[in-house]
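A.B. asks: upload_35.cif is the file, holding mmCIF, C-alpha atoms and all ligand atoms:
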```cif
data_input
loop_
_atom_site.group_PDB
_atom_site.id
_atom_site.type_symbol
_atom_site.label_atom_id
_atom_site.label_comp_id
_atom_site.auth_asym_id
_atom_site.auth_seq_id
_atom_site.Cartn_x
_atom_site.Cartn_y
_atom_site.Cartn_z
ATOM 1 C CA MET V 1 -6.735 51.267 20.494
ATOM 2 C CA GLU V 2 -5.724 53.750 17.772
ATOM 3 C CA ASN V 3 -2.031 53.766 16.868
ATOM 4 C CA THR V 4 -1.575 57.286 18.316
ATOM 5 C CA SER V 5 -2.963 56.259 21.730
ATOM 6 C CA ILE V 6 -0.862 53.071 21.704
ATOM 7 C CA VAL V 7 2.223 55.190 20.986
ATOM 8 C CA GLN V 8 1.316 57.560 23.861
ATOM 9 C CA ARG V 9 0.771 54.649 26.248
ATOM 10 C CA ILE V 10 4.114 53.088 25.232
ATOM 11 C CA SER V 11 5.870 56.411 25.970
ATOM 12 C CA GLN V 12 4.238 56.564 29.438
ATOM 13 C CA LEU V 13 5.194 52.971 30.193
ATOM 14 C CA LYS V 14 8.767 53.574 29.057
ATOM 15 C CA GLN V 15 9.100 56.349 31.636
ATOM 16 C CA GLN V 16 7.421 54.370 34.410
ATOM 17 C CA ARG V 17 9.635 51.344 33.825
ATOM 18 C CA ASN V 18 12.857 53.258 33.074
ATOM 19 C CA ALA V 19 12.944 51.381 29.770
ATOM 20 C CA ILE V 20 14.425 52.007 26.348
ATOM 21 C CA ILE V 21 13.380 50.431 23.074
ATOM 22 C CA LEU V 22 16.087 49.015 20.804
ATOM 23 C CA ALA V 23 15.043 48.067 17.258
ATOM 24 C CA HIS V 24 16.843 46.316 14.421
ATOM 25 C CA ASN V 25 16.960 47.935 10.965
ATOM 26 C CA TYR V 26 14.551 45.259 9.587
ATOM 27 C CA GLN V 27 11.773 46.049 12.079
ATOM 28 C CA PRO V 28 8.459 47.443 10.790
ATOM 29 C CA ILE V 29 8.689 51.209 10.290
ATOM 30 C CA GLU V 30 6.167 52.051 13.067
ATOM 31 C CA ILE V 31 8.426 50.184 15.516
ATOM 32 C CA GLN V 32 11.552 51.971 14.255
ATOM 33 C CA ASN V 33 9.716 55.300 14.647
ATOM 34 C CA ILE V 34 9.013 54.703 18.333
ATOM 35 C CA ALA V 35 12.434 53.183 19.169
ATOM 36 C CA ASP V 36 15.127 55.046 21.148
ATOM 37 C CA PHE V 37 17.809 53.431 19.034
ATOM 38 C CA VAL V 38 17.715 51.645 15.652
ATOM 39 C CA GLY V 39 20.732 49.843 14.261
ATOM 40 C CA ASP V 40 22.515 46.728 13.007
ATOM 41 C CA SER V 41 23.445 43.815 15.272
ATOM 42 C CA LEU V 42 26.780 45.308 16.321
ATOM 43 C CA GLU V 43 25.373 48.759 17.143
ATOM 44 C CA LEU V 44 22.509 47.185 19.113
ATOM 45 C CA ALA V 45 24.902 45.014 21.148
ATOM 46 C CA GLN V 46 27.027 48.104 21.893
ATOM 47 C CA GLN V 47 23.929 50.079 22.850
ATOM 48 C CA ALA V 48 22.794 47.335 25.244
ATOM 49 C CA THR V 49 26.036 47.710 27.205
ATOM 50 C CA LEU V 50 26.038 51.534 27.146
ATOM 51 C CA SER V 51 22.452 52.202 28.189
ATOM 52 C CA GLN V 52 21.696 53.254 31.782
ATOM 53 C CA ALA V 53 18.062 52.081 31.537
ATOM 54 C CA GLU V 54 16.840 49.292 33.828
ATOM 55 C CA VAL V 55 14.731 47.664 31.110
ATOM 56 C CA LEU V 56 15.657 46.967 27.478
ATOM 57 C CA VAL V 57 12.778 46.164 25.144
ATOM 58 C CA PHE V 58 14.408 44.436 22.228
ATOM 59 C CA CYS V 59 12.501 44.662 18.951
ATOM 60 C CA GLY V 60 14.259 42.158 16.748
ATOM 61 C CA VAL V 61 14.741 38.399 16.699
ATOM 62 C CA TYR V 62 15.424 36.246 19.747
ATOM 63 C CA PHE V 63 19.195 35.846 19.431
ATOM 64 C CA MET V 64 19.566 39.648 19.437
ATOM 65 C CA ALA V 65 17.625 39.971 22.715
ATOM 66 C CA GLU V 66 19.678 37.096 24.158
ATOM 67 C CA THR V 67 22.873 38.938 23.180
ATOM 68 C CA ALA V 68 21.631 42.045 25.021
ATOM 69 C CA TYR V 69 20.978 39.955 28.146
ATOM 70 C CA ILE V 70 24.367 38.176 27.937
ATOM 71 C CA LEU V 71 26.102 41.555 27.835
ATOM 72 C CA SER V 72 23.882 43.279 30.442
ATOM 73 C CA PRO V 73 22.498 40.658 32.832
ATOM 74 C CA ARG V 74 21.487 43.190 35.499
ATOM 75 C CA LYS V 75 18.946 44.704 33.115
ATOM 76 C CA THR V 76 15.551 43.213 32.421
ATOM 77 C CA VAL V 77 15.422 42.302 28.725
ATOM 78 C CA LEU V 78 11.975 42.007 27.139
ATOM 79 C CA ILE V 79 11.003 40.900 23.631
ATOM 80 C CA PRO V 80 7.510 41.706 22.297
ATOM 81 C CA ASP V 81 7.162 38.295 20.575
ATOM 82 C CA SER V 82 9.363 35.505 21.881
ATOM 83 C CA SER V 83 8.587 33.309 18.857
ATOM 84 C CA ALA V 84 10.588 35.677 16.617
ATOM 85 C CA GLY V 85 13.424 33.300 15.747
ATOM 86 C CA CYS V 86 16.156 33.200 13.135
ATOM 87 C CA PRO V 87 16.212 30.026 10.996
ATOM 88 C CA MET V 88 19.969 30.418 10.467
ATOM 89 C CA ALA V 89 20.593 30.391 14.239
ATOM 90 C CA ASP V 90 18.664 27.101 14.413
ATOM 91 C CA MET V 91 20.929 25.433 11.806
ATOM 92 C CA ILE V 92 23.585 24.639 14.420
ATOM 93 C CA THR V 93 23.411 23.204 17.939
ATOM 94 C CA ALA V 94 25.983 23.328 20.722
ATOM 95 C CA GLU V 95 26.298 19.501 20.582
ATOM 96 C CA ALA V 96 26.974 19.493 16.833
ATOM 97 C CA LEU V 97 29.536 22.290 17.232
ATOM 98 C CA ARG V 98 31.292 20.380 20.034
ATOM 99 C CA ALA V 99 31.601 17.363 17.715
ATOM 100 C CA GLN V 100 33.019 19.507 14.908
ATOM 101 C CA LYS V 101 35.553 21.090 17.292
ATOM 102 C CA GLN V 102 36.750 17.606 18.188
ATOM 103 C CA ALA V 103 37.185 16.856 14.492
ATOM 104 C CA LEU V 104 39.224 20.085 14.075
ATOM 105 C CA PRO V 105 41.339 20.272 17.256
ATOM 106 C CA GLY V 106 43.141 23.552 17.995
ATOM 107 C CA ILE V 107 41.195 25.527 15.385
ATOM 108 C CA PRO V 108 39.428 28.576 16.849
ATOM 109 C CA VAL V 109 35.698 29.038 16.308
ATOM 110 C CA VAL V 110 34.422 32.382 15.010
ATOM 111 C CA CYS V 111 30.693 32.544 15.613
ATOM 112 C CA TYR V 112 28.366 34.900 13.756
ATOM 113 C CA VAL V 113 26.026 36.492 16.339
ATOM 114 C CA ASN V 114 23.056 34.962 14.479
ATOM 115 C CA SER V 115 23.359 31.945 16.777
ATOM 116 C CA THR V 116 22.008 30.744 20.129
ATOM 117 C CA ALA V 117 23.666 31.573 23.445
ATOM 118 C CA ALA V 118 24.671 27.900 23.816
ATOM 119 C CA VAL V 119 26.528 28.003 20.471
ATOM 120 C CA LYS V 120 28.232 31.293 21.367
ATOM 121 C CA ALA V 121 29.317 29.648 24.638
ATOM 122 C CA GLN V 122 31.167 26.979 22.605
ATOM 123 C CA SER V 123 32.949 29.600 20.487
ATOM 124 C CA ASP V 124 36.191 31.544 20.887
ATOM 125 C CA ILE V 125 34.951 34.859 19.533
ATOM 126 C CA CYS V 126 31.781 36.289 17.997
ATOM 127 C CA CYS V 127 31.422 38.568 14.982
ATOM 128 C CA THR V 128 28.685 40.477 13.190
ATOM 129 C CA SER V 129 28.352 41.374 9.520
ATOM 130 C CA ALA V 130 29.970 44.749 10.345
ATOM 131 C CA ASN V 131 33.189 43.417 11.899
ATOM 132 C CA ALA V 132 33.644 39.818 10.663
ATOM 133 C CA ALA V 133 36.791 40.505 8.598
ATOM 134 C CA ARG V 134 38.434 42.413 11.474
ATOM 135 C CA VAL V 135 37.555 39.644 13.942
ATOM 136 C CA VAL V 136 39.000 36.903 11.698
ATOM 137 C CA GLU V 137 42.148 38.974 11.097
ATOM 138 C CA SER V 138 42.568 39.583 14.844
ATOM 139 C CA LEU V 139 43.231 35.874 15.494
ATOM 140 C CA SER V 140 46.813 34.625 15.470
ATOM 141 C CA GLN V 141 45.869 31.203 14.081
ATOM 142 C CA GLN V 142 45.918 30.662 10.321
ATOM 143 C CA GLU V 143 42.973 28.237 10.267
ATOM 144 C CA ILE V 144 39.432 29.192 11.397
ATOM 145 C CA LEU V 145 36.130 27.363 11.844
ATOM 146 C CA PHE V 146 33.402 29.860 10.893
ATOM 147 C CA VAL V 147 29.818 29.147 12.058
ATOM 148 C CA PRO V 148 26.934 29.112 11.219
ATOM 149 C CA ASP V 149 26.721 31.275 8.041
ATOM 150 C CA GLN V 150 28.672 29.672 5.192
ATOM 151 C CA TYR V 151 28.077 32.677 2.901
ATOM 152 C CA LEU V 152 29.320 35.325 5.323
ATOM 153 C CA GLY V 153 32.321 33.047 5.981
ATOM 154 C CA GLN V 154 33.028 32.647 2.262
ATOM 155 C CA TRP V 155 32.752 36.382 1.709
ATOM 156 C CA ILE V 156 35.201 37.081 4.558
ATOM 157 C CA SER V 157 37.641 34.527 3.124
ATOM 158 C CA THR V 158 38.015 36.789 0.058
ATOM 159 C CA GLN V 159 39.419 39.471 2.377
ATOM 160 C CA THR V 160 41.890 37.399 4.388
ATOM 161 C CA HIS V 161 44.574 34.786 3.766
ATOM 162 C CA LYS V 162 43.259 32.486 6.496
ATOM 163 C CA LYS V 163 42.203 28.936 5.741
ATOM 164 C CA MET V 164 38.488 28.789 6.596
ATOM 165 C CA HIS V 165 36.205 25.855 7.421
ATOM 166 C CA TYR V 166 32.489 26.624 7.109
ATOM 167 C CA TRP V 167 29.337 25.400 8.764
ATOM 168 C CA PRO V 168 26.644 24.797 6.106
ATOM 169 C CA GLY V 169 24.149 27.314 7.597
ATOM 170 C CA TYR V 170 22.522 30.137 5.668
ATOM 171 C CA CYS V 171 19.772 32.745 5.849
ATOM 172 C CA PRO V 172 16.759 31.591 3.784
ATOM 173 C CA VAL V 173 15.738 35.221 3.146
ATOM 174 C CA HIS V 174 19.100 36.207 1.634
ATOM 175 C CA ALA V 175 19.656 32.842 -0.080
ATOM 176 C CA ALA V 176 16.513 33.614 -2.130
ATOM 177 C CA ILE V 177 18.427 36.429 -3.846
ATOM 178 C CA LEU V 178 20.035 34.759 -6.879
ATOM 179 C CA PRO V 179 22.772 35.873 -9.317
ATOM 180 C CA GLN V 180 20.166 35.997 -12.111
ATOM 181 C CA HIS V 181 18.124 38.537 -10.081
ATOM 182 C CA ILE V 182 21.153 40.847 -9.967
ATOM 183 C CA ALA V 183 21.941 40.232 -13.660
ATOM 184 C CA GLU V 184 18.334 40.998 -14.708
ATOM 185 C CA LYS V 185 18.230 44.226 -12.685
ATOM 186 C CA LYS V 186 21.663 45.232 -13.989
ATOM 187 C CA SER V 187 20.455 44.871 -17.589
ATOM 188 C CA GLN V 188 17.378 47.006 -16.759
ATOM 189 C CA TYR V 189 19.451 49.612 -14.863
ATOM 190 C CA PRO V 190 22.974 49.544 -16.398
ATOM 191 C CA GLN V 191 24.109 52.674 -14.486
ATOM 192 C CA ALA V 192 23.026 51.341 -11.101
ATOM 193 C CA LYS V 193 25.360 50.495 -8.219
ATOM 194 C CA VAL V 194 24.753 47.136 -6.525
ATOM 195 C CA ILE V 195 24.847 46.662 -2.740
ATOM 196 C CA VAL V 196 24.081 43.370 -1.018
ATOM 197 C CA HIS V 197 24.200 42.028 2.543
ATOM 198 C CA PRO V 198 27.050 39.535 3.186
ATOM 199 C CA GLU V 199 24.488 36.835 4.078
ATOM 200 C CA CYS V 200 23.801 36.623 0.321
ATOM 201 C CA ARG V 201 25.182 33.717 -1.707
ATOM 202 C CA SER V 202 28.873 34.154 -2.566
ATOM 203 C CA GLU V 203 28.123 34.480 -6.326
ATOM 204 C CA VAL V 204 25.769 37.362 -5.469
ATOM 205 C CA SER V 205 28.292 39.127 -3.194
ATOM 206 C CA MET V 206 30.929 38.849 -5.943
ATOM 207 C CA MET V 207 28.627 40.842 -8.278
ATOM 208 C CA ALA V 208 28.205 43.767 -5.833
ATOM 209 C CA ASP V 209 29.945 47.140 -5.542
ATOM 210 C CA ALA V 210 29.664 46.965 -1.740
ATOM 211 C CA VAL V 211 28.813 44.216 0.783
ATOM 212 C CA PRO V 212 28.149 45.986 4.113
ATOM 213 C CA SER V 213 26.014 45.400 7.227
ATOM 214 C CA THR V 214 22.446 46.737 7.286
ATOM 215 C CA SER V 215 23.608 50.060 8.791
ATOM 216 C CA GLY V 216 26.478 50.140 6.281
ATOM 217 C CA MET V 217 23.921 49.764 3.483
ATOM 218 C CA LEU V 218 21.915 52.716 4.857
ATOM 219 C CA ARG V 219 25.097 54.830 4.953
ATOM 220 C CA PHE V 220 26.025 53.784 1.398
ATOM 221 C CA ALA V 221 22.529 54.790 0.235
ATOM 222 C CA LYS V 222 23.038 58.304 1.657
ATOM 223 C CA GLU V 223 26.627 58.812 0.521
ATOM 224 C CA THR V 224 26.630 57.372 -3.006
ATOM 225 C CA THR V 225 26.454 59.765 -5.945
ATOM 226 C CA ALA V 226 24.653 57.050 -7.968
ATOM 227 C CA HIS V 227 20.973 57.733 -8.662
ATOM 228 C CA GLU V 228 19.963 54.090 -9.039
ATOM 229 C CA ILE V 229 20.930 51.439 -6.511
ATOM 230 C CA ILE V 230 20.090 47.731 -6.742
ATOM 231 C CA VAL V 231 19.728 46.361 -3.217
ATOM 232 C CA GLY V 232 20.085 42.714 -2.184
ATOM 233 C CA THR V 233 18.626 42.394 1.302
ATOM 234 C CA GLU V 234 15.400 42.291 3.307
ATOM 235 C CA THR V 235 12.934 44.583 1.557
ATOM 236 C CA GLY V 236 12.007 46.582 4.711
ATOM 237 C CA LEU V 237 15.457 48.172 4.614
ATOM 238 C CA ILE V 238 14.861 49.274 1.032
ATOM 239 C CA GLN V 239 11.658 51.131 2.016
ATOM 240 C CA ARG V 240 13.655 53.037 4.610
ATOM 241 C CA MET V 241 16.436 53.888 2.105
ATOM 242 C CA GLN V 242 13.807 55.220 -0.294
ATOM 243 C CA LYS V 243 12.209 57.347 2.439
ATOM 244 C CA GLU V 244 15.569 58.765 3.553
ATOM 245 C CA ASN V 245 16.796 59.437 -0.014
ATOM 246 C CA PRO V 246 13.762 60.471 -2.074
ATOM 247 C CA SER V 247 15.802 61.722 -5.057
ATOM 248 C CA LYS V 248 17.402 58.290 -5.621
ATOM 249 C CA GLU V 249 15.802 55.077 -6.870
ATOM 250 C CA PHE V 250 16.275 51.856 -4.893
ATOM 251 C CA ILE V 251 15.563 48.639 -6.772
ATOM 252 C CA PRO V 252 15.059 45.427 -4.754
ATOM 253 C CA ALA V 253 17.115 42.563 -6.220
ATOM 254 C CA ASN V 254 14.262 40.256 -5.142
ATOM 255 C CA SER V 255 11.121 41.902 -3.782
ATOM 256 C CA LEU V 256 10.090 38.604 -2.112
ATOM 257 C CA ALA V 257 13.045 38.737 0.330
ATOM 258 C CA VAL V 258 11.085 39.425 3.537
ATOM 259 C CA CYS V 259 12.110 38.257 7.035
ATOM 260 C CA GLN V 260 8.738 37.232 8.508
ATOM 261 C CA ASN V 261 10.303 36.824 11.964
ATOM 262 C CA MET V 262 11.323 40.482 12.030
ATOM 263 C CA LYS V 263 7.749 41.459 11.142
ATOM 264 C CA LEU V 264 6.246 39.672 14.158
ATOM 265 C CA THR V 265 6.740 42.801 16.300
ATOM 266 C CA THR V 266 3.642 45.009 16.475
ATOM 267 C CA LEU V 267 2.822 48.143 18.480
ATOM 268 C CA GLU V 268 0.177 46.137 20.395
ATOM 269 C CA LYS V 269 2.702 43.454 21.399
ATOM 270 C CA LEU V 270 5.215 46.135 22.346
ATOM 271 C CA GLN V 271 2.655 47.845 24.596
ATOM 272 C CA ARG V 272 1.574 44.542 26.158
ATOM 273 C CA CYS V 273 5.125 43.506 26.965
ATOM 274 C CA LEU V 274 5.774 46.814 28.751
ATOM 275 C CA GLU V 275 2.454 46.521 30.662
ATOM 276 C CA GLU V 276 3.088 42.924 31.759
ATOM 277 C CA MET V 277 6.906 43.084 31.879
ATOM 278 C CA GLN V 278 7.125 39.875 29.871
ATOM 279 C CA PRO V 279 8.226 37.840 27.911
ATOM 280 C CA VAL V 280 11.550 38.187 29.734
ATOM 281 C CA VAL V 281 14.715 36.945 27.977
ATOM 282 C CA THR V 282 17.351 35.233 30.131
ATOM 283 C CA VAL V 283 20.158 32.708 29.653
ATOM 284 C CA PRO V 284 21.368 30.120 32.237
ATOM 285 C CA GLU V 285 24.302 31.701 34.088
ATOM 286 C CA ASP V 286 26.941 29.069 33.149
ATOM 287 C CA ILE V 287 26.158 29.521 29.448
ATOM 288 C CA ARG V 288 25.892 33.301 29.780
ATOM 289 C CA VAL V 289 29.379 33.592 31.305
ATOM 290 C CA GLN V 290 30.982 31.593 28.470
ATOM 291 C CA ALA V 291 28.980 33.369 25.753
ATOM 292 C CA PHE V 292 29.906 36.722 27.354
ATOM 293 C CA GLN V 293 33.606 35.974 26.838
ATOM 294 C CA ALA V 294 33.100 35.363 23.100
ATOM 295 C CA LEU V 295 31.051 38.578 22.746
ATOM 296 C CA GLU V 296 33.413 40.615 24.901
ATOM 297 C CA ARG V 297 36.406 39.548 22.756
ATOM 298 C CA MET V 298 34.492 40.746 19.707
ATOM 299 C CA LEU V 299 33.722 44.121 21.287
ATOM 300 C CA GLN V 300 37.406 44.539 22.169
ATOM 301 C CA VAL V 301 38.348 44.037 18.501
ATOM 302 C CA ASN V 302 36.109 47.003 17.683
HETATM 303 P P1 LIG G 401 23.140 43.187 10.513
HETATM 304 O O1 LIG G 401 24.014 42.905 11.674
HETATM 305 O O2 LIG G 401 23.901 43.590 9.273
HETATM 306 O O3 LIG G 401 22.078 44.172 10.860
HETATM 307 O O4 LIG G 401 22.419 41.821 10.061
HETATM 308 C C1 LIG G 401 21.605 41.090 10.902
HETATM 309 C C2 LIG G 401 20.757 40.148 10.161
HETATM 310 O O5 LIG G 401 20.137 39.282 10.728
HETATM 311 C C3 LIG G 401 20.704 40.276 8.730
HETATM 312 O O6 LIG G 401 19.882 39.275 8.207
HETATM 313 FE FE1 LIG G 402 17.759 35.521 10.452
HETATM 314 FE FE2 LIG G 402 17.795 35.995 7.835
HETATM 315 FE FE3 LIG G 402 15.886 37.088 9.317
HETATM 316 FE FE4 LIG G 402 18.401 37.978 9.489
HETATM 317 S S1 LIG G 402 17.019 38.076 7.698
HETATM 318 S S2 LIG G 402 17.046 37.520 11.198
HETATM 319 S S3 LIG G 402 19.532 36.045 9.218
HETATM 320 S S4 LIG G 402 16.223 34.897 8.950
#
```
Reformat the file's structure so that it appears as structure tokens.

C.D. replies:
Amino acid sequence: MENTSIVQRISQLKQQRNAIILAHNYQPIEIQNIADFVGDSLELAQQATLSQAEVLVFCGVYFMAETAYILSPRKTVLIPDSSAGCPMADMITAEALRAQKQALPGIPVVCYVNSTAAVKAQSDICCTSANAARVVESLSQQEILFVPDQYLGQWISTQTHKKMHYWPGYCPVHAAILPQHIAEKKSQYPQAKVIVHPECRSEVSMMADAVPSTSGMLRFAKETTAHEIIVGTETGLIQRMQKENPSKEFIPANSLAVCQNMKLTTLEKLQRCLEEMQPVVTVPEDIRVQAFQALERMLQVN
């Protein structure tokens, strides 16, 4: 089918099913164009709770769809490709976290949402890249175990006086952005501002003018008076910045930083999942209830 007829069919199916399409900022542009809402992890979680639709089609990676289900279990949550994982989320298991909690008794666990439902269920509170500092600051304890992203944790530690313990997880896409990439681009574009995602290595974040979430990066791109901006994140976001701000120049810190999992969503898979009403994303109820508490605490901090 031609793209235009697929798009028409998806619109029909959305109405028939009382569905909305939520898409993450790293999704392919044709998916973002057809989505009802596009945002970062925090905005998408908020949207999942606010929407009146019966069906949420989540165009992103699996943990994001799981988060939508945990927050809104009465809705049917679909994902166009259920193999769209996040390697960082797979760097920690609930069993390993339980063992670490025993080694650090009484220390609360702050869990980045890039994690499985079972890991969230073992955690005291969740955070996203947009609210991590606020979440850490909201806790009365002075010592924190931050999982699974060591780099986001290290970045947050520069903004708080808490003693932080880190899990050694990381995002392979952002870890591929190195300090020398930023230094090279800075010497080519000395006037440029530098923005990077907080999943980048700590040395990279320390070199940046701003370290926001994906939606924060899009806002920075619009608001800055700089004409050249070096961007350290998934390259799909940079294409969108360029499209939205044609008079500015956006320079990828590393043009090979692509999240292949985010690119697994296609219009064909999106249509098929609305036709067949699967793959459905669910979480066992005992785990969902515990994970809900950690997510709900995070949303209250906001
Ligand atoms: P945001 O919450 O900033 O959109 O980040 C999610 C993510 O997976 C970035 O790699
Ligand atoms: Fe996971 Fe990294 Fe992809 Fe984000 S960019 S979904 S952290 S692999």

A.B. asks: Given 3 Å on each side, where is the centre and what are the edge lengths in Å to one decimal of the axis-aligned box enclosing the listed atoms of ligand LIG 401 (chain G), as AutoDock Vina command-line options?

C.D. replies:
```
--center_x 21.9 --center_y 41.7 --center_z 9.9 --size_x 10.1 --size_y 10.9 --size_z 9.5
```

A.B. asks: Restricting the calculation to all atoms listed in the file, which member of V:Cys259, V:Ala45, V:Val77, V:Ile251 is positioned closest to ligand LIG 402 (chain G)?

C.D. replies: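 Using all atoms listed in the file, ligand LIG 402 (chain G) sits closest to V:Cys259.
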
A.B. asks: Apply the PyMOL selection byres (((not hetatm)) within 8 of (chain G and resi 401)) to the displayed file and report the matching residues as a ChimeraX atom specification.

C.D. replies: /V:24-26,39-42,86,114,128-130,171,173-174,197-199,212-216,233-234,259

A.B. asks: Using the chain letters and numbers from this file, what does the PyMOL selection byres (((chain V and resi 108) around 7) and not hetatm) select? Give the answer as a PDB file with C-alpha atoms, keeping the file's coordinate frame.

C.D. replies:
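Heads up, here's the output in expr.pdb:
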```pdb
ATOM      1  CA  GLY V 106      43.141  23.552  17.995  1.00  0.00           C
ATOM      2  CA  ILE V 107      41.195  25.527  15.385  1.00  0.00           C
ATOM      3  CA  VAL V 109      35.698  29.038  16.308  1.00  0.00           C
ATOM      4  CA  VAL V 110      34.422  32.382  15.010  1.00  0.00           C
ATOM      5  CA  ASP V 124      36.191  31.544  20.887  1.00  0.00           C
ATOM      6  CA  ILE V 144      39.432  29.192  11.397  1.00  0.00           C
ATOM      7  CA  LEU V 145      36.130  27.363  11.844  1.00  0.00           C
TER       8      LEU V 145
END
```

A.B. asks: Tell me, as a ChimeraX atom specification, which residues lie within 9 Å of segment 281-294 of chain V, counting only C-alpha atoms; anything in the same chain fewer than 2 positions away does not count.

C.D. replies: /V:62,65-67,69-71,73,76-79,82,110-111,117-127,278-279,296-299

A.B. asks: Record the distance separating atom CA of Ile92 of chain V and atom CA of His165 of chain V, expressed in Å with one decimal.

C.D. replies: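 It comes out at 14.5 Å.
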
A.B. asks: For the file shown, report as a PyMOL selection string the outcome of the PyMOL selection byres (((chain V and resi 223-227) around 8) and not hetatm) at residue level.

C.D. replies: chain V and resi 191-193+219-222+228-229+247-249

A.B. asks: Counting all atoms listed in the file, which of V:Pro179, V:Pro87, V:Gly232, V:Pro168 gets nearest to ligand LIG 402 (chain G)?

C.D. replies: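 With all atoms listed in the file as the atom set, the closest residue is V:Pro87.
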